[in-house]
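Chemist: One structure, pasted below without further comment.
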Amino acid sequence: MPRFSVIVPAYKVQAYLQECLESVLGQSYPDLEVIAVDDCSPDACGALVDEFAARDVRVRPVHLPENGGVGRARNAGIEHATGDYLVFVDGDDTLAPDALRAVADRIKEAGDPDVVVYDHAHALSTGETVRSPFVGQLTEQGPVPFRLDDRPLLLKLPLVAWNKAYRREFVEREGLTFPPGAHADIPWTVPALVAAESVATLDRVCVHHRRPRQNTRTPASHGHFDIHEQYDRVFAFVDARPELTHWRPVLFRRMVDQLMSVLVRPDRLPRTARAEFLRKSRAHYRRYRTPGAAVPLHAWLRHALVRTGSYRTYRTVRLASALRRRSTRFVKSLARGIRSNALRLHYRVQLRLPLRADRAVFTSHSGRGYGCNPGALEAAFRTFVPGMRTAWVARPEHHHTLPTATDRVRPGTAAYWTALARSKYLVSNTGWDDRLVKRTGQTVIRTQYGTPLKRMGLDLQDRPAAARDTDFTALLADVDTWDHCLSANRHSTLVWERVFPGGYTTLETGQPRNDVFQKATSADVARLRESLGIPVGSVAILYAPTHRDYLRGPRQTLDLERVLRQLGPRYVLLARAHHIYDAPLTPASGGRLIDVTDHPSVESLCLASDALVTDYSSLMFDYANLDRPIVIHADDWEAYEAARGTYFDLRAFPPGAVSRSEDELIDIFATGHWRGSRSTQLRTAFRERFCPYDDGRAAERVVRRLVLGETAGQAPVTPLAERHPVPSAAAAFAGAPLASVPRPQPGVESAPAPHGA
């Protein structure tokens, strides 16, 4: 019996069916069957189904004698299904790489729930992929599994069948089937969610749902009138079960929302049928309204229009709303235009004034707080160049991170354009405004984020999930403004010059932000640990995973509380989410699990920690300068490589031990492999390749060369063997046993040894 039965209805989708079936059969989780249902399609869908069945025994073709619609085709697929879980994929949609493996893992974590709800992205006809806008409703935090009563907002997600996996026994027990009609998904999805005794969510894009071009859609027709019948079925299901009565007000409001959605969309109903649709909607409003149920204030007008059922009133309100929107847009556009023209004129005037050789402007991460390489250079400018005035561009919410010695500038203001026009030095790790005019005599310094493991720049052209909305023409225009690009090592130099081709000069100076690792003292480490609340005598592990291009929120596959329980009381975890997210890795912070996502300095966190656990973050290259243990947790390397791409296989050349599961990670620390001789050898080789210049004077070298003009006689780079970064606090008890994980007993199978340990 397979784990999944993937049901694919096919009707007039011959152009997309092959891609659809290949996306299913190419899943890294092979325990599946594909039930491809030819809904008596007049094109080549039936032949394609048979071709795939002849090629792969997992494909079971079903040919219907007459066309019955997607609901009937799915029912036919259910009848032939033998898998534990049912997954529906429309014939013109595709499954994302590794989607079924992620769903299977989530099912295992949640203890075989009745329903698993996952995310989707819209595949546009232009080739773009746009993720669904339902932010936060698929969070994997909180109790798992749960009932819909605990997460009622799941009903706000599209009421479709193809963004969920259903336990087949649950479907059979509840007698769920698809009715005929254009809105057949509603009386399937709603009963499935409200009747499920256990539900789990997966915050990952598993389906790419094709959104056809507007002019190729099915013409507006009376077919959408069937939404009334579908809600009749929904309420009949609820009314037959007294324990579900409390869902009536919620489903009533959802019905009103969908009725209005059909009415307002010009592609759904013929113009001559809209008055009739509204009258029928009024009847349903009166039939299913729950007396005394409150109507949200924001939905009051919508409910009033359906309740009255007057198409003339509806048209009047629509016209008034359109007029109000146009007026508001006009006023706002006028105000923006006046402000924009004033700023443009201001910038032009400033461009005609002399450059100021004693002015430098800095920014980091597109207006975030003070830090990274620009932060280290800003401090070096003030230290080594007497009289230099610096300004930092940041959004107001980050101004508290800026030193008092630098001017604070908000993006887009007159002061911002003055700084860009008059400052001789422009330093950033991201692009400046695309309206920047590079002046003769200005020096633009690009510092980058760090050493690249994942693909960057032009190498993302064939990685749409990672490139997203990158404008590569604008990217190259920005590169053309660079005078210098900083590099930490030869690997970075070769990558930057290829993926950001331009006429700039690459400076292999090392990373200025890493200077602090060579200058900090043991007293600094002790002070930082005390400020973070790390108990004396503890081993502090900094856990800092990178972001995933195929996920909206942080990917959390580690149960951090379990890891700490297994390792014992001497361990502390510092959990830091990637800056691209606005949420921490863990909702629990305190005691031995400390959230440090909002800490302004990642370098301080590195100094305070005794070891780093990461996946594919470039932080590993910086951390290696501390010569402290690094553990790579690579449990999804194949998926990450498929989505983003990398410049080398980190598993073959890691900076330390490599784990592929939570248990392996625990075992690496329990056995001491994280700081063993093999890990030390791996880290040494890694440092030799990627840390040749980070001797604590990178920022000074940049300033002396580019600002002071000292091109000769500079002090040589200190060799690795002669560098002495501040030791970690745990180095003082290097020989003591640290973990309390029970060791395997004789005759009991132990966990597999971690790769690279």
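Naming scheme: A, B, ... for chains in displayed order of the structure tokens; residues 1 onward per chain; ligands 1 onward as shown.
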Can you tell me, as a list in words, which residues in stretch 542-604 of chain A count as alpha helix (DSSP H) by DSSP?
Modeler: Leu560, Glu561, Arg562, Val563, Leu564, Arg565, Gln566, Leu567, Val602, Glu603 and Ser604 of chain A
Chemist: Could you write out the selected residues, including all heavy atoms, as a compact mmCIF listing (two decimals), in the first residue's frame?
Modeler:
# COMPACT_ATOMS: atom_id res chain seq x y z
N LEU A 560 14.08 22.45 19.15
CA LEU A 560 15.18 22.99 19.94
C LEU A 560 15.06 22.64 21.41
O LEU A 560 16.07 22.41 22.08
CB LEU A 560 15.23 24.52 19.76
CG LEU A 560 15.45 25.01 18.32
CD1 LEU A 560 15.53 26.53 18.28
CD2 LEU A 560 16.71 24.39 17.71
N GLU A 561 13.84 22.59 21.92
CA GLU A 561 13.67 22.23 23.33
C GLU A 561 14.07 20.77 23.56
O GLU A 561 14.68 20.44 24.59
CB GLU A 561 12.22 22.47 23.75
CG GLU A 561 11.84 23.95 23.74
CD GLU A 561 10.41 24.19 24.19
OE1 GLU A 561 9.64 23.20 24.22
OE2 GLU A 561 10.07 25.33 24.50
N ARG A 562 13.75 19.89 22.61
CA ARG A 562 14.17 18.49 22.74
C ARG A 562 15.69 18.38 22.67
O ARG A 562 16.30 17.61 23.42
CB ARG A 562 13.53 17.64 21.65
CG ARG A 562 14.02 16.18 21.66
CD ARG A 562 13.35 15.34 20.59
NE ARG A 562 13.87 13.98 20.63
CZ ARG A 562 14.86 13.54 19.87
NH1 ARG A 562 15.45 14.36 19.00
NH2 ARG A 562 15.27 12.28 19.96
N VAL A 563 16.31 19.12 21.76
CA VAL A 563 17.77 19.08 21.65
C VAL A 563 18.41 19.45 22.98
O VAL A 563 19.33 18.78 23.46
CB VAL A 563 18.25 20.03 20.53
CG1 VAL A 563 19.77 20.17 20.57
CG2 VAL A 563 17.81 19.51 19.16
N LEU A 564 17.89 20.51 23.61
CA LEU A 564 18.44 20.93 24.90
C LEU A 564 18.20 19.88 25.98
O LEU A 564 19.08 19.62 26.82
CB LEU A 564 17.82 22.26 25.31
CG LEU A 564 18.42 23.51 24.65
CD1 LEU A 564 17.62 24.74 25.04
CD2 LEU A 564 19.88 23.68 25.02
N ARG A 565 17.02 19.28 25.98
CA ARG A 565 16.75 18.24 26.98
C ARG A 565 17.72 17.08 26.83
O ARG A 565 18.22 16.53 27.82
CB ARG A 565 15.31 17.73 26.83
CG ARG A 565 14.25 18.69 27.32
CD ARG A 565 12.92 17.98 27.53
NE ARG A 565 12.47 17.29 26.32
CZ ARG A 565 11.71 17.85 25.38
NH1 ARG A 565 11.32 19.11 25.51
NH2 ARG A 565 11.32 17.15 24.33
N GLN A 566 18.01 16.71 25.59
CA GLN A 566 18.90 15.58 25.34
C GLN A 566 20.34 15.91 25.72
O GLN A 566 21.07 15.05 26.25
CB GLN A 566 18.83 15.17 23.87
CG GLN A 566 17.52 14.52 23.46
CD GLN A 566 17.36 13.15 24.09
OE1 GLN A 566 18.20 12.28 23.93
NE2 GLN A 566 16.27 12.96 24.82
N LEU A 567 20.76 17.14 25.46
CA LEU A 567 22.15 17.49 25.73
C LEU A 567 22.42 17.74 27.20
O LEU A 567 23.55 17.59 27.66
CB LEU A 567 22.54 18.72 24.90
CG LEU A 567 22.58 18.52 23.39
CD1 LEU A 567 23.06 19.79 22.70
CD2 LEU A 567 23.47 17.35 23.01
N VAL A 602 25.48 40.35 14.98
CA VAL A 602 25.73 38.91 14.88
C VAL A 602 27.16 38.59 15.27
O VAL A 602 27.46 37.49 15.77
CB VAL A 602 25.41 38.39 13.47
CG1 VAL A 602 26.42 38.91 12.45
CG2 VAL A 602 25.35 36.88 13.43
N GLU A 603 28.08 39.55 15.09
CA GLU A 603 29.46 39.32 15.49
C GLU A 603 29.56 39.15 17.00
O GLU A 603 30.32 38.29 17.48
CB GLU A 603 30.36 40.50 15.04
CG GLU A 603 30.55 40.60 13.54
CD GLU A 603 29.38 41.25 12.83
OE1 GLU A 603 28.60 41.97 13.50
OE2 GLU A 603 29.23 41.04 11.62
N SER A 604 28.79 39.90 17.76
CA SER A 604 28.78 39.75 19.22
C SER A 604 28.24 38.38 19.62
O SER A 604 28.74 37.76 20.56
CB SER A 604 27.94 40.85 19.86
OG SER A 604 28.51 42.12 19.64
Chemist: Compile the contact shell of A:Tyr85 as a PyMOL selection string: residues with an atom at most 10 Å away, counting only C-alpha atoms, same-chain residues fewer than 5 positions apart removed.
Modeler: chain A and resi 2-6+32+104+107+112-116+164-171
Chemist: Please return as a PyMOL selection string: the residues of stretch 171-418 of chain A that backbone DSSP assigns to strand (DSSP E).
Modeler: chain A and resi 199-211+356-363+389-393+407-409
Chemist: What would the file look like if the residues just selected were written as a PDB file, in the first residue's frame with C-alpha atoms?
Modeler:
ATOM      1  CA  VAL A 199      -5.345  18.817  11.294  1.00  0.00           C
ATOM      2  CA  ALA A 200      -1.742  19.866  10.636  1.00  0.00           C
ATOM      3  CA  THR A 201      -0.240  22.650   8.540  1.00  0.00           C
ATOM      4  CA  LEU A 202       2.909  22.844   6.450  1.00  0.00           C
ATOM      5  CA  ASP A 203       4.366  26.272   5.711  1.00  0.00           C
ATOM      6  CA  ARG A 204       5.861  25.282   2.408  1.00  0.00           C
ATOM      7  CA  VAL A 205       4.899  25.724  -1.235  1.00  0.00           C
ATOM      8  CA  CYS A 206       3.953  22.241  -2.411  1.00  0.00           C
ATOM      9  CA  VAL A 207       1.793  23.072  -5.436  1.00  0.00           C
ATOM     10  CA  HIS A 208       2.298  25.448  -8.335  1.00  0.00           C
ATOM     11  CA  HIS A 209      -1.241  26.308  -9.421  1.00  0.00           C
ATOM     12  CA  ARG A 210      -1.433  27.529 -12.981  1.00  0.00           C
ATOM     13  CA  ARG A 211      -3.288  30.793 -13.471  1.00  0.00           C
ATOM     14  CA  ARG A 356      32.773  67.011  -0.238  1.00  0.00           C
ATOM     15  CA  ALA A 357      35.911  64.956   0.196  1.00  0.00           C
ATOM     16  CA  ASP A 358      35.289  64.761   3.928  1.00  0.00           C
ATOM     17  CA  ARG A 359      31.855  63.129   3.589  1.00  0.00           C
ATOM     18  CA  ALA A 360      30.992  59.434   3.357  1.00  0.00           C
ATOM     19  CA  VAL A 361      27.570  57.781   3.392  1.00  0.00           C
ATOM     20  CA  PHE A 362      26.902  54.179   4.408  1.00  0.00           C
ATOM     21  CA  THR A 363      24.011  51.724   4.487  1.00  0.00           C
ATOM     22  CA  ARG A 389      31.970  63.147   8.554  1.00  0.00           C
ATOM     23  CA  THR A 390      29.868  60.064   8.051  1.00  0.00           C
ATOM     24  CA  ALA A 391      26.144  59.508   7.512  1.00  0.00           C
ATOM     25  CA  TRP A 392      24.176  56.264   7.815  1.00  0.00           C
ATOM     26  CA  VAL A 393      21.021  55.590   5.802  1.00  0.00           C
ATOM     27  CA  ASP A 407      24.480  61.407  11.063  1.00  0.00           C
ATOM     28  CA  ARG A 408      21.141  59.593  10.781  1.00  0.00           C
ATOM     29  CA  VAL A 409      19.483  59.755   7.366  1.00  0.00           C
TER      30      VAL A 409
END
Chemist: Got a sec: who's within 10 Å of stretch 423-439 of chain A, counting only C-alpha atoms, leaving out chain neighbours fewer than 3 positions off, as a VMD selection string?
Modeler: chain A and resid 344 347 to 348 351 to 352 354 to 367 372 to 375 377 to 378 389 to 393 411 to 412 417 to 420 442 to 450 474 to 475 477 to 486 706 to 707
Chemist: I'd like the neighbourhood of A:Ser132 as a VMD selection string, where a residue qualifies if any of its atoms comes within 9 Å (using only C-alpha atoms), though same-chain residues fewer than 6 positions away should be ignored.
Modeler: chain A and resid 119 to 122 205
Chemist: Atom CA of A:Pro452 and atom CA of A:Leu708, how far apart in Å?
Modeler: 29.4 Å
Chemist: Pick the closest to A:Leu155 from A:Met255, A:Asp93, A:Gly68, A:Glu641: which is it, counting only C-alpha atoms?
Modeler: A:Met255
Chemist: Of the residues A:Val13, A:Leu138, A:Leu585, A:Leu176, which is the one nearest to A:Arg233, using only C-alpha atoms?
Modeler: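 Under the stated criterion, the closest residue is A:Leu176.
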Chemist: In Å, rounded to a single decimal, give me how far atom CA of A:Leu612 is from atom CA of A:His400.
Modeler: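 Computing the Euclidean distance for atom CA of A:His400 and atom CA of A:Leu612 yields 27.7 Å.
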Chemist: Name all residues at most 9 Å from A:Phe252 (count only C-alpha atoms; drop same-chain ones fewer than 5 positions away) and give them as a ChimeraX atom specification.
Modeler: /A:235,247,257,285,288-290
Chemist: Would you save the residues of that selection, restricted to all heavy atoms, as an mmCIF file, in the first residue's frame?
Modeler:
data_model
loop_
_atom_site.group_PDB
_atom_site.id
_atom_site.type_symbol
_atom_site.label_atom_id
_atom_site.label_comp_id
_atom_site.auth_asym_id
_atom_site.auth_seq_id
_atom_site.Cartn_x
_atom_site.Cartn_y
_atom_site.Cartn_z
ATOM 1 N N PHE A 235 -24.283 23.440 4.192
ATOM 2 C CA PHE A 235 -25.126 23.627 5.371
ATOM 3 C C PHE A 235 -25.928 22.370 5.695
ATOM 4 O O PHE A 235 -26.233 22.113 6.866
ATOM 5 C CB PHE A 235 -26.045 24.832 5.179
ATOM 6 C CG PHE A 235 -25.344 26.147 5.359
ATOM 7 C CD1 PHE A 235 -25.002 26.925 4.258
ATOM 8 C CD2 PHE A 235 -24.987 26.597 6.620
ATOM 9 C CE1 PHE A 235 -24.338 28.130 4.412
ATOM 10 C CE2 PHE A 235 -24.327 27.800 6.790
ATOM 11 C CZ PHE A 235 -23.993 28.570 5.682
ATOM 12 N N TRP A 247 -20.462 26.185 13.746
ATOM 13 C CA TRP A 247 -19.771 26.656 12.551
ATOM 14 C C TRP A 247 -20.698 27.432 11.608
ATOM 15 O O TRP A 247 -20.216 28.066 10.653
ATOM 16 C CB TRP A 247 -19.161 25.478 11.792
ATOM 17 C CG TRP A 247 -17.921 24.949 12.434
ATOM 18 C CD1 TRP A 247 -17.759 23.762 13.068
ATOM 19 C CD2 TRP A 247 -16.656 25.618 12.509
ATOM 20 N NE1 TRP A 247 -16.474 23.636 13.543
ATOM 21 C CE2 TRP A 247 -15.769 24.770 13.204
ATOM 22 C CE3 TRP A 247 -16.178 26.855 12.054
ATOM 23 C CZ2 TRP A 247 -14.446 25.112 13.460
ATOM 24 C CZ3 TRP A 247 -14.858 27.197 12.305
ATOM 25 C CH2 TRP A 247 -14.015 26.336 12.999
ATOM 26 N N ASP A 257 -18.938 36.209 1.558
ATOM 27 C CA ASP A 257 -17.698 36.663 0.920
ATOM 28 C C ASP A 257 -17.559 36.071 -0.480
ATOM 29 O O ASP A 257 -17.194 36.770 -1.434
ATOM 30 C CB ASP A 257 -16.492 36.267 1.769
ATOM 31 C CG ASP A 257 -16.411 37.048 3.072
ATOM 32 O OD1 ASP A 257 -17.086 38.085 3.178
ATOM 33 O OD2 ASP A 257 -15.681 36.598 3.978
ATOM 34 N N TYR A 285 -29.058 34.224 1.719
ATOM 35 C CA TYR A 285 -28.716 35.023 2.904
ATOM 36 C C TYR A 285 -29.795 34.850 3.973
ATOM 37 O O TYR A 285 -29.500 34.628 5.157
ATOM 38 C CB TYR A 285 -28.583 36.492 2.508
ATOM 39 C CG TYR A 285 -28.015 37.375 3.588
ATOM 40 C CD1 TYR A 285 -26.666 37.708 3.597
ATOM 41 C CD2 TYR A 285 -28.826 37.889 4.607
ATOM 42 C CE1 TYR A 285 -26.137 38.533 4.589
ATOM 43 C CE2 TYR A 285 -28.310 38.693 5.600
ATOM 44 C CZ TYR A 285 -26.954 39.017 5.585
ATOM 45 O OH TYR A 285 -26.433 39.809 6.574
ATOM 46 N N TYR A 288 -29.863 31.070 5.492
ATOM 47 C CA TYR A 288 -28.790 30.531 6.323
ATOM 48 C C TYR A 288 -28.261 31.505 7.370
ATOM 49 O O TYR A 288 -27.338 31.170 8.115
ATOM 50 C CB TYR A 288 -27.632 30.052 5.441
ATOM 51 C CG TYR A 288 -28.045 28.906 4.540
ATOM 52 C CD1 TYR A 288 -27.996 29.044 3.157
ATOM 53 C CD2 TYR A 288 -28.519 27.718 5.083
ATOM 54 C CE1 TYR A 288 -28.388 28.004 2.333
ATOM 55 C CE2 TYR A 288 -28.905 26.673 4.258
ATOM 56 C CZ TYR A 288 -28.839 26.820 2.880
ATOM 57 O OH TYR A 288 -29.242 25.786 2.081
ATOM 58 N N ARG A 289 -28.822 32.692 7.434
ATOM 59 C CA ARG A 289 -28.370 33.637 8.444
ATOM 60 C C ARG A 289 -28.732 33.119 9.835
ATOM 61 O O ARG A 289 -29.845 32.645 10.073
ATOM 62 C CB ARG A 289 -29.009 35.002 8.230
ATOM 63 C CG ARG A 289 -28.548 36.039 9.235
ATOM 64 C CD ARG A 289 -29.299 37.341 9.043
ATOM 65 N NE ARG A 289 -28.861 38.335 10.003
ATOM 66 C CZ ARG A 289 -29.435 39.522 10.161
ATOM 67 N NH1 ARG A 289 -30.483 39.853 9.407
ATOM 68 N NH2 ARG A 289 -28.983 40.374 11.061
ATOM 69 N N THR A 290 -27.778 33.204 10.742
ATOM 70 C CA THR A 290 -27.998 32.787 12.127
ATOM 71 C C THR A 290 -28.444 34.000 12.935
ATOM 72 O O THR A 290 -27.683 34.969 13.067
ATOM 73 C CB THR A 290 -26.712 32.197 12.735
ATOM 74 O OG1 THR A 290 -26.275 31.106 11.927
ATOM 75 C CG2 THR A 290 -26.948 31.727 14.154
#
Chemist: So that I can see what lies close to A:Glu19, please list as a list in words the residues with an atom at most 12 Å from it, counting only C-alpha atoms and leaving out residues fewer than 4 positions away in the same chain.
Modeler: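 Within the cut-off, the hits are Val13, Gln14, Ala15, Ser23, Val24, Leu25, Gly26, Leu48, Val49, Phe52, Val89, Asp90, Gly91, Asp92, Asp93, Thr94, Leu95, Ala96, His208 and Arg210 of chain A.
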Chemist: Next, write the just-selected residues to a file, as a CSV table (one decimal), in the first residue's frame, keeping N, CA and C atoms as the atom set.
Modeler:
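Contents of out-v1.csv, as written:
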chain,number,residue,atom,x,y,z
A,13,VAL,N,-6.0,19.7,-21.1
A,13,VAL,CA,-4.8,20.2,-20.6
A,13,VAL,C,-3.6,19.5,-21.2
A,14,GLN,N,-3.7,19.2,-22.5
A,14,GLN,CA,-2.6,18.4,-23.1
A,14,GLN,C,-1.3,19.2,-23.1
A,15,ALA,N,-1.4,20.5,-23.1
A,15,ALA,CA,-0.1,21.3,-23.1
A,15,ALA,C,0.7,21.2,-21.8
A,23,SER,N,6.3,16.1,-12.7
A,23,SER,CA,6.6,16.7,-11.4
A,23,SER,C,6.1,15.7,-10.3
A,24,VAL,N,5.1,14.9,-10.5
A,24,VAL,CA,4.7,13.9,-9.5
A,24,VAL,C,5.7,12.7,-9.4
A,25,LEU,N,5.9,12.2,-10.6
A,25,LEU,CA,6.8,11.0,-10.7
A,25,LEU,C,8.2,11.2,-10.3
A,26,GLY,N,8.6,12.5,-10.5
A,26,GLY,CA,10.0,12.9,-10.1
A,26,GLY,C,10.2,13.3,-8.7
A,48,LEU,N,-1.7,10.6,-23.5
A,48,LEU,CA,-0.5,10.9,-22.7
A,48,LEU,C,-0.6,10.1,-21.4
A,49,VAL,N,-1.8,9.9,-20.8
A,49,VAL,CA,-2.0,9.1,-19.6
A,49,VAL,C,-1.5,7.7,-19.9
A,52,PHE,N,2.4,7.4,-20.1
A,52,PHE,CA,3.0,7.4,-18.8
A,52,PHE,C,2.8,6.1,-18.0
A,89,VAL,N,-4.0,16.8,-7.6
A,89,VAL,CA,-3.2,17.8,-8.4
A,89,VAL,C,-3.9,17.9,-9.8
A,90,ASP,N,-4.4,19.1,-10.1
A,90,ASP,CA,-5.0,19.4,-11.4
A,90,ASP,C,-4.1,19.1,-12.5
A,91,GLY,N,-4.6,18.7,-13.7
A,91,GLY,CA,-3.7,18.3,-14.8
A,91,GLY,C,-2.9,19.4,-15.3
A,92,ASP,N,-3.2,20.7,-15.0
A,92,ASP,CA,-2.3,21.8,-15.5
A,92,ASP,C,-1.5,22.4,-14.4
A,93,ASP,N,-1.5,21.8,-13.2
A,93,ASP,CA,-0.6,22.2,-12.1
A,93,ASP,C,0.6,21.3,-11.9
A,94,THR,N,1.5,21.6,-11.1
A,94,THR,CA,2.6,20.8,-10.8
A,94,THR,C,2.9,20.8,-9.3
A,95,LEU,N,3.6,19.7,-8.9
A,95,LEU,CA,4.1,19.6,-7.5
A,95,LEU,C,5.5,20.2,-7.4
A,96,ALA,N,5.7,20.9,-6.4
A,96,ALA,CA,7.1,21.5,-6.2
A,96,ALA,C,8.1,20.4,-5.9
A,208,HIS,N,2.3,24.3,-7.5
A,208,HIS,CA,2.3,25.4,-8.3
A,208,HIS,C,1.0,25.4,-9.2
A,210,ARG,N,-1.5,26.7,-11.8
A,210,ARG,CA,-1.4,27.5,-13.0
A,210,ARG,C,-2.6,28.5,-13.1
Chemist: From the set A:Glu664, A:Ala273, A:Leu593, A:Ala195, which residue has the shortest atom-to-atom contact distance to A:Thr245, counting only C-alpha atoms?
Modeler: A:Ala195
Chemist: I'd like to know which of A:Ser281, A:Ser41, A:Ser609, A:Asn67 is closest to A:Ala540, using only C-alpha atoms.
Modeler: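 Smallest distance to A:Ala540 is found for A:Ser609.
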Chemist: Calculated over only C-alpha atoms, which of the candidates A:Tyr311, A:His222, A:Leu301, A:Ala240 has the smallest distance to A:Leu269?
Modeler: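 Ranked by minimum distance to A:Leu269, first place goes to A:His222.
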Chemist: Report as JSON, numbers by chain all protein, DNA and RNA residues lying within 10 Å of A:Leu476, evaluated on only C-alpha atoms, omitting residues in the same chain fewer than 3 positions from it.
Modeler: {"A": [457, 458, 471, 472, 473, 479, 480, 481, 499, 500, 501, 502]}
Chemist: Just checking: using only C-alpha atoms, which residue out of A:Lys332, A:His298, A:Arg271, A:Arg498 ends up closest to A:Arg315?
Modeler: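 Closest candidate: A:Arg271.
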Chemist: What's the separation between atom CA of A:Ala611 and atom CA of A:Ala730, in Å to one decimal place?
Modeler: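 Distance between the two atoms: 9.0 Å.
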